[in-house]
$ cat coords31.cif   # mmCIF, C-alpha atoms
data_structure
#
loop_
_atom_site.label_atom_id
_atom_site.label_comp_id
_atom_site.auth_asym_id
_atom_site.auth_seq_id
_atom_site.Cartn_x
_atom_site.Cartn_y
_atom_site.Cartn_z
CA MET A 1 -11.10 -15.39 -1.54
CA GLY A 2 -12.90 -15.01 1.74
CA THR A 3 -16.00 -12.94 2.34
CA GLU A 4 -16.04 -9.31 3.32
CA GLN A 5 -17.59 -8.01 6.46
CA ILE A 6 -18.10 -4.41 7.36
CA THR A 7 -17.81 -3.98 11.11
CA ALA A 8 -16.77 -1.05 13.29
CA ALA A 9 -15.99 0.69 16.56
CA ARG A 10 -16.22 3.83 18.57
CA SER A 11 -16.39 3.37 22.41
CA GLU A 12 -13.56 2.30 24.68
CA SER A 13 -15.49 0.38 27.30
CA ALA A 14 -13.79 -2.98 27.83
CA SER A 15 -10.61 -3.16 29.88
CA VAL A 16 -8.51 -5.64 27.90
CA GLY A 17 -4.88 -4.57 28.13
CA VAL A 18 -2.48 -4.47 25.19
CA THR A 19 0.55 -6.73 25.61
CA ARG A 20 3.95 -5.07 25.79
CA SER A 21 5.00 -6.47 22.41
CA GLU A 22 1.78 -5.37 20.72
CA SER A 23 1.93 -1.92 22.29
CA ALA A 24 5.53 -1.63 21.12
CA SER A 25 4.49 -2.54 17.58
CA VAL A 26 1.96 0.29 17.55
CA GLY A 27 4.57 2.79 18.71
CA ALA A 28 7.17 1.48 16.28
CA ALA A 29 4.81 1.81 13.34
CA ARG A 30 4.06 5.40 14.23
CA ARG A 31 7.76 6.22 14.58
CA GLU A 32 8.53 4.60 11.21
CA SER A 33 5.75 6.60 9.54
CA PRO A 34 6.09 10.32 10.44
CA ALA A 35 2.79 10.96 8.66
CA ALA A 36 1.05 8.10 10.48
CA THR A 37 -1.68 10.40 11.71
CA GLU A 38 -2.44 11.25 8.05
CA ALA A 39 -1.74 7.90 6.39
CA VAL A 40 -4.34 5.15 6.16
CA ARG A 41 -3.99 2.98 9.28
CA VAL A 42 -4.23 -0.77 8.72
CA LEU A 43 -4.41 -3.38 11.47
CA LEU A 44 -3.18 -6.70 10.08
CA VAL A 45 -4.14 -9.88 11.93
CA ALA A 46 -2.28 -12.72 10.24
CA GLY A 47 -0.71 -16.07 10.96
CA GLY A 48 2.47 -17.58 9.58
CA GLY A 49 5.16 -16.18 7.31
CA ASP A 50 2.61 -14.98 4.76
CA GLY A 51 1.59 -12.32 7.24
CA ARG A 52 5.01 -10.67 7.03
CA VAL A 53 4.89 -10.66 3.24
CA LEU A 54 1.38 -9.21 3.23
CA GLY A 55 2.42 -6.58 5.77
CA ALA A 56 5.26 -5.50 3.49
CA GLY A 57 2.82 -5.29 0.58
CA LEU A 58 0.42 -3.11 2.56
CA ARG A 59 3.25 -0.82 3.69
CA GLY A 60 4.22 -0.53 0.05
CA GLU A 61 0.96 1.35 -0.49
CA GLY A 62 2.22 4.06 1.86
CA TRP A 63 -0.07 2.91 4.67
CA CYS A 64 0.78 2.74 8.37
CA VAL A 65 0.51 -0.97 9.24
CA VAL A 66 0.47 -2.63 12.66
CA SER A 67 0.45 -6.41 13.03
CA ALA A 68 -1.35 -8.17 15.88
CA GLY A 69 -2.20 -11.65 17.08
CA LEU A 70 -5.45 -12.95 18.52
CA GLU A 71 -5.59 -10.04 20.97
CA PHE A 72 -6.23 -7.72 18.05
CA VAL A 73 -9.25 -6.13 19.75
CA ALA A 74 -7.04 -4.55 22.38
CA VAL A 75 -4.56 -3.40 19.76
CA ALA A 76 -7.40 -1.94 17.68
CA ARG A 77 -8.58 0.07 20.68
CA GLU A 78 -5.20 1.78 20.95
CA PHE A 79 -4.25 1.99 17.27
CA ARG A 80 -7.68 3.12 15.98
CA PRO A 81 -7.27 1.60 12.49
CA ASP A 82 -9.11 2.69 9.37
CA VAL A 83 -9.40 -0.94 8.26
CA VAL A 84 -8.74 -4.37 9.82
CA VAL A 85 -7.35 -7.15 7.61
CA LEU A 86 -7.66 -10.79 8.71
CA HIS A 87 -5.45 -13.36 6.98
CA GLY A 88 -4.53 -16.96 7.73
CA ILE A 89 -5.94 -17.12 11.29
CA PRO A 90 -8.37 -19.54 12.98
CA ALA A 91 -11.90 -19.30 11.58
CA ASP A 92 -13.65 -19.39 14.96
CA LEU A 93 -13.34 -15.71 15.84
CA ARG A 94 -16.99 -14.82 16.35
CA GLY A 95 -16.49 -13.73 19.94
CA ARG A 96 -13.51 -11.51 19.19
CA LEU A 97 -15.11 -10.03 16.08
CA ALA A 98 -18.22 -9.19 18.09
CA ARG A 99 -16.04 -7.34 20.61
CA LEU A 100 -14.29 -5.52 17.78
CA GLU A 101 -17.67 -4.40 16.47
CA GLU A 102 -18.51 -3.03 19.90
CA VAL A 103 -15.19 -1.17 20.13
CA LEU A 104 -14.98 0.13 16.55
CA PRO A 105 -18.44 -0.18 14.97
CA GLU A 106 -17.59 1.80 11.82
CA VAL A 107 -14.27 0.20 10.89
CA PRO A 108 -14.40 -2.22 7.92
CA VAL A 109 -13.02 -5.75 8.42
CA LEU A 110 -11.72 -7.62 5.41
CA PHE A 111 -11.00 -11.36 5.25
CA VAL A 112 -8.33 -12.12 2.65
CA SER A 113 -6.54 -15.19 1.34
CA GLY A 114 -4.50 -16.10 -1.71
CA ASP A 115 -1.53 -14.22 -3.15
CA VAL A 116 -0.34 -10.93 -1.76
CA ALA A 117 -1.00 -8.83 -4.88
CA ARG A 118 -4.70 -9.77 -4.89
CA ALA A 119 -5.01 -9.24 -1.14
CA VAL A 120 -3.46 -5.77 -1.37
CA ALA A 121 -5.74 -4.92 -4.30
CA ARG A 122 -8.80 -5.89 -2.25
CA VAL A 123 -7.68 -3.78 0.70
CA ARG A 124 -6.95 -0.85 -1.61
CA ALA A 125 -10.41 -1.09 -3.18
CA LEU A 126 -12.03 -1.18 0.26
CA VAL A 127 -10.03 1.79 1.51
CA GLU A 128 -10.80 3.84 -1.58
CA SER A 129 -14.51 3.00 -1.51
CA ALA A 130 -14.60 4.12 2.12
CA GLY A 131 -12.94 7.41 1.21
CA GLY A 132 -9.80 6.55 3.16
CA ARG A 133 -7.48 7.66 0.38
CA ALA A 134 -7.74 10.51 -2.08
CA PRO A 135 -7.72 9.05 -5.60
CA ARG A 136 -5.15 11.64 -6.75
CA LEU A 137 -1.40 11.15 -6.36
CA VAL A 138 0.98 14.06 -6.96
CA VAL A 139 4.79 13.95 -7.13
CA GLY A 140 6.12 17.23 -8.48
CA ASP A 141 4.58 17.83 -11.91
CA LEU A 142 3.55 14.17 -12.20
CA VAL A 143 -0.13 13.64 -11.37
CA MET A 144 -2.13 10.41 -11.26
CA ASP A 145 -5.90 10.25 -10.93
CA GLU A 146 -6.39 6.72 -9.63
CA GLU A 147 -10.15 6.76 -10.04
CA ALA A 148 -10.12 7.94 -13.65
CA ARG A 149 -6.86 6.04 -14.30
CA GLU A 150 -5.35 9.11 -15.92
CA VAL A 151 -1.77 10.38 -15.71
CA THR A 152 -0.30 13.75 -16.68
CA ARG A 153 3.23 15.13 -16.56
CA GLY A 154 3.42 18.90 -16.57
CA GLY A 155 -0.17 18.92 -17.81
CA VAL A 156 0.66 16.61 -20.72
CA PRO A 157 -1.49 13.42 -20.80
CA VAL A 158 0.47 10.16 -20.60
CA ARG A 159 -1.12 7.00 -22.01
CA LEU A 160 -0.15 3.89 -20.04
CA THR A 161 -0.98 0.21 -20.27
CA ALA A 162 -2.60 -1.44 -17.24
CA THR A 163 0.74 -2.87 -16.06
CA GLU A 164 2.59 0.41 -16.58
CA PHE A 165 -0.13 2.17 -14.58
CA GLU A 166 0.23 -0.26 -11.65
CA LEU A 167 4.01 0.08 -11.68
CA LEU A 168 3.82 3.87 -11.70
CA ARG A 169 1.17 3.85 -8.97
CA TYR A 170 3.47 1.79 -6.74
CA LEU A 171 6.36 4.19 -7.36
CA MET A 172 4.18 7.26 -6.75
CA ARG A 173 2.81 5.87 -3.50
CA ASN A 174 6.38 5.51 -2.28
CA PRO A 175 8.12 8.71 -3.44
CA ARG A 176 11.81 9.07 -2.58
CA ARG A 177 11.86 5.46 -1.36
CA VAL A 178 14.20 3.00 -3.10
CA LEU A 179 12.17 -0.04 -4.17
CA SER A 180 14.00 -3.26 -4.99
CA LYS A 181 13.23 -5.42 -8.01
CA ALA A 182 11.92 -8.11 -5.68
CA GLN A 183 9.50 -5.66 -4.03
CA ILE A 184 8.26 -4.44 -7.41
CA LEU A 185 7.80 -7.97 -8.76
CA GLU A 186 5.78 -8.96 -5.69
CA ARG A 187 3.62 -5.85 -5.65
CA VAL A 188 2.96 -5.35 -9.36
CA TRP A 189 3.05 -8.87 -10.74
CA GLY A 190 2.44 -10.93 -7.60
CA VAL A 191 5.44 -13.15 -8.29
CA GLY A 192 8.66 -13.93 -6.43
CA ALA A 193 12.14 -12.62 -7.10
CA GLY A 194 12.92 -15.72 -9.16
CA ALA A 195 10.62 -14.57 -11.96
CA ARG A 196 11.93 -13.12 -15.20
CA GLY A 197 14.88 -11.01 -14.12
CA ASN A 198 14.46 -8.39 -16.83
CA LEU A 199 10.72 -7.84 -16.33
CA VAL A 200 11.15 -4.86 -14.01
CA GLU A 201 13.90 -3.29 -16.14
CA LEU A 202 11.74 -3.66 -19.24
CA TYR A 203 8.70 -1.88 -17.77
CA ILE A 204 10.82 0.79 -16.10
CA SER A 205 12.24 1.55 -19.54
CA TYR A 206 8.68 1.80 -20.91
CA LEU A 207 7.73 4.28 -18.19
CA ARG A 208 10.86 6.35 -18.70
CA ARG A 209 10.18 6.58 -22.42
CA LYS A 210 6.68 7.91 -21.79
CA ILE A 211 7.15 9.96 -18.62
CA ASP A 212 10.76 11.16 -18.60
CA VAL A 213 11.59 11.38 -22.31
CA GLY A 214 8.12 12.06 -23.70
CA ALA A 215 6.00 14.17 -21.37
CA GLY A 216 8.98 15.16 -19.21
CA ARG A 217 11.11 16.26 -22.17
CA GLY A 218 14.19 14.58 -20.82
CA VAL A 219 13.85 15.66 -17.17
CA PRO A 220 13.78 12.44 -15.12
CA VAL A 221 11.62 11.49 -12.18
CA ILE A 222 12.53 7.78 -12.21
CA HIS A 223 16.07 7.01 -11.09
CA THR A 224 18.15 3.83 -10.77
CA ARG A 225 20.06 3.06 -7.60
CA ARG A 226 22.65 0.53 -8.64
CA GLY A 227 22.40 -2.70 -6.71
CA ALA A 228 19.37 -1.41 -4.79
CA GLY A 229 16.46 -0.71 -7.12
CA TYR A 230 14.51 2.29 -8.37
CA VAL A 231 13.25 5.51 -6.85
CA LEU A 232 10.76 8.13 -8.03
CA LYS A 233 11.12 11.73 -6.90
CA ALA A 234 10.00 15.15 -8.04
CA ALA A 235 11.91 16.33 -11.10
CA ASP A 236 14.86 18.66 -10.88
CA PRO A 237 14.37 20.98 -13.88
CA GLY A 238 18.12 21.50 -14.08
CA ALA A 239 19.01 17.82 -14.14
CA ASP A 240 20.43 16.21 -17.25
CA ALA A 241 18.46 13.48 -19.00
CA ARG A 242 19.52 9.98 -18.09
#
$ encode --input "coords31.cif" --output "structure tokens"
Amino acid sequence: MGTEQITAARSESASVGVTRSESASVGAARRESPAATEAVRVLLVAGGGDGRVLGAGLRGEGWCVVSAGLEFVAVAREFRPDVVVLHGIPADLRGRLARLEEVLPEVPVLFVSGDVARAVARVRALVESAGGRAPRLVVGDLVMDEEAREVTRGGVPVRLTATEFELLRYLMRNPRRVLSKAQILERVWGVGAGARGNLVELYISYLRRKIDVGAGRGVPVIHTRRGAGYVLKAADPGADAR
């Protein structure tokens, strides 16, 4: 893992223009995330194909993510990120990082390397420590306190293993969004789609037993979309148990 640096920005003095493609990426990200003004904003500066995978992992947290190249200072000025993530880019960036510090002196900058799951975990920890995300997730009557690592359904405590907790956290951070098995494997276990095919199904069944059948008394919040993946949404009290 690389080292962390806390840098930041506030003024808009320099006159470095944002390229058309980079400006378009900022606009596209905001259109794709209707709550972009409320979501944590992440500026990802990455090289190679790993950058796309990491970007998908960060978006899986429910964050608004914009990718940029070496002109990331100009993009940062327009996007106003809550955190900047540097991954797989040339090490000699002292000049650009100094300019970023002048532009956004209070924005944390995180250098990451290694697998996507660990990188996302490091960004999450930084965001939470900076107060960028409330540690409480709520989907209907399902509540997760991320800081205390406690879960309740309709006020009933639900005891989860560490892996079950991470799987549920990923589902709750993406409510009403269908997540594929490949996405879940990458985010929760940090492995590719070629890993044990029944791993996701197995842990989804564990969660359903505890959350839908146990605390939920047969009213489901976790649903299967055949051929697509799984989706978590607020319970319909009138729905039949599945």
$ resolve_selection --input "coords31.cif" --expression "the PyMOL selection byres ((chain A and resi 81) around 8)" --output "list in words"
Val40, Arg41, Val42, Leu43, Ala76, Phe79, Arg80, Asp82, Val83, Val84 and Val107 of chain A
$ resolve_selection --input "coords31.cif" --expression "the PyMOL selection byres ((chain A and resi 60) around 8)" --output "PDB file with C-alpha atoms, in the frame of the given file"
ATOM      1  CA  ALA A  56       5.260  -5.500   3.490  1.00  0.00           C
ATOM      2  CA  GLY A  57       2.820  -5.290   0.580  1.00  0.00           C
ATOM      3  CA  LEU A  58       0.420  -3.110   2.560  1.00  0.00           C
ATOM      4  CA  ARG A  59       3.250  -0.820   3.690  1.00  0.00           C
ATOM      5  CA  GLU A  61       0.960   1.350  -0.490  1.00  0.00           C
ATOM      6  CA  GLY A  62       2.220   4.060   1.860  1.00  0.00           C
ATOM      7  CA  TRP A  63      -0.070   2.910   4.670  1.00  0.00           C
ATOM      8  CA  TYR A 170       3.470   1.790  -6.740  1.00  0.00           C
ATOM      9  CA  ARG A 173       2.810   5.870  -3.500  1.00  0.00           C
ATOM     10  CA  ASN A 174       6.380   5.510  -2.280  1.00  0.00           C
ATOM     11  CA  ARG A 187       3.620  -5.850  -5.650  1.00  0.00           C
TER      12      ARG A 187
END
$ closest_residue --input "coords31.cif" --among "A:Cys64, A:Ala235, A:Leu160, A:Leu97" --to "Arg209 (chain A)" --atoms "all atoms listed in the file"
A:Leu160
$ closest_residue --input "coords31.cif" --among "A:Val109, A:Leu54, A:Glu102, A:Arg226" --to "Gln183 (chain A)" --atoms "all atoms listed in the file"
A:Leu54
$ residues_around --input "coords31.cif" --residues "Leu199 (chain A)" --least-positions-apart "6" --cutoff "10 Å" --atoms "only C-alpha atoms" --output "list in words"
Lys181, Ile184, Leu185 and Trp189 of chain A
$ closest_residue --input "coords31.cif" --among "A:Ile222, A:Leu44, A:Leu167, A:Val188" --to "Asp115 (chain A)" --atoms "all atoms listed in the file"
A:Val188
$ closest_residue --input "coords31.cif" --among "A:Leu207, A:Leu100, A:Ala234, A:Leu168" --to "Arg77 (chain A)" --atoms "only C-alpha atoms"
A:Leu100
$ closest_residue --input "coords31.cif" --among "A:Arg225, A:His87, A:Arg169, A:Arg124" --to "Ala46 (chain A)" --atoms "all atoms listed in the file"
A:His87
$ atom_distance --input "coords31.cif" --atom1 "CA of Leu232 (chain A)" --atom2 "CA of Pro175 (chain A)"
5.3 Å
$ closest_residue --input "coords31.cif" --among "A:Val66, A:Val75, A:Ala215, A:Val45" --to "Phe111 (chain A)" --atoms "only C-alpha atoms"
A:Val45
$ atom_distance --input "coords31.cif" --atom1 "CA of Gly154 (chain A)" --atom2 "CA of Val138 (chain A)"
11.0 Å
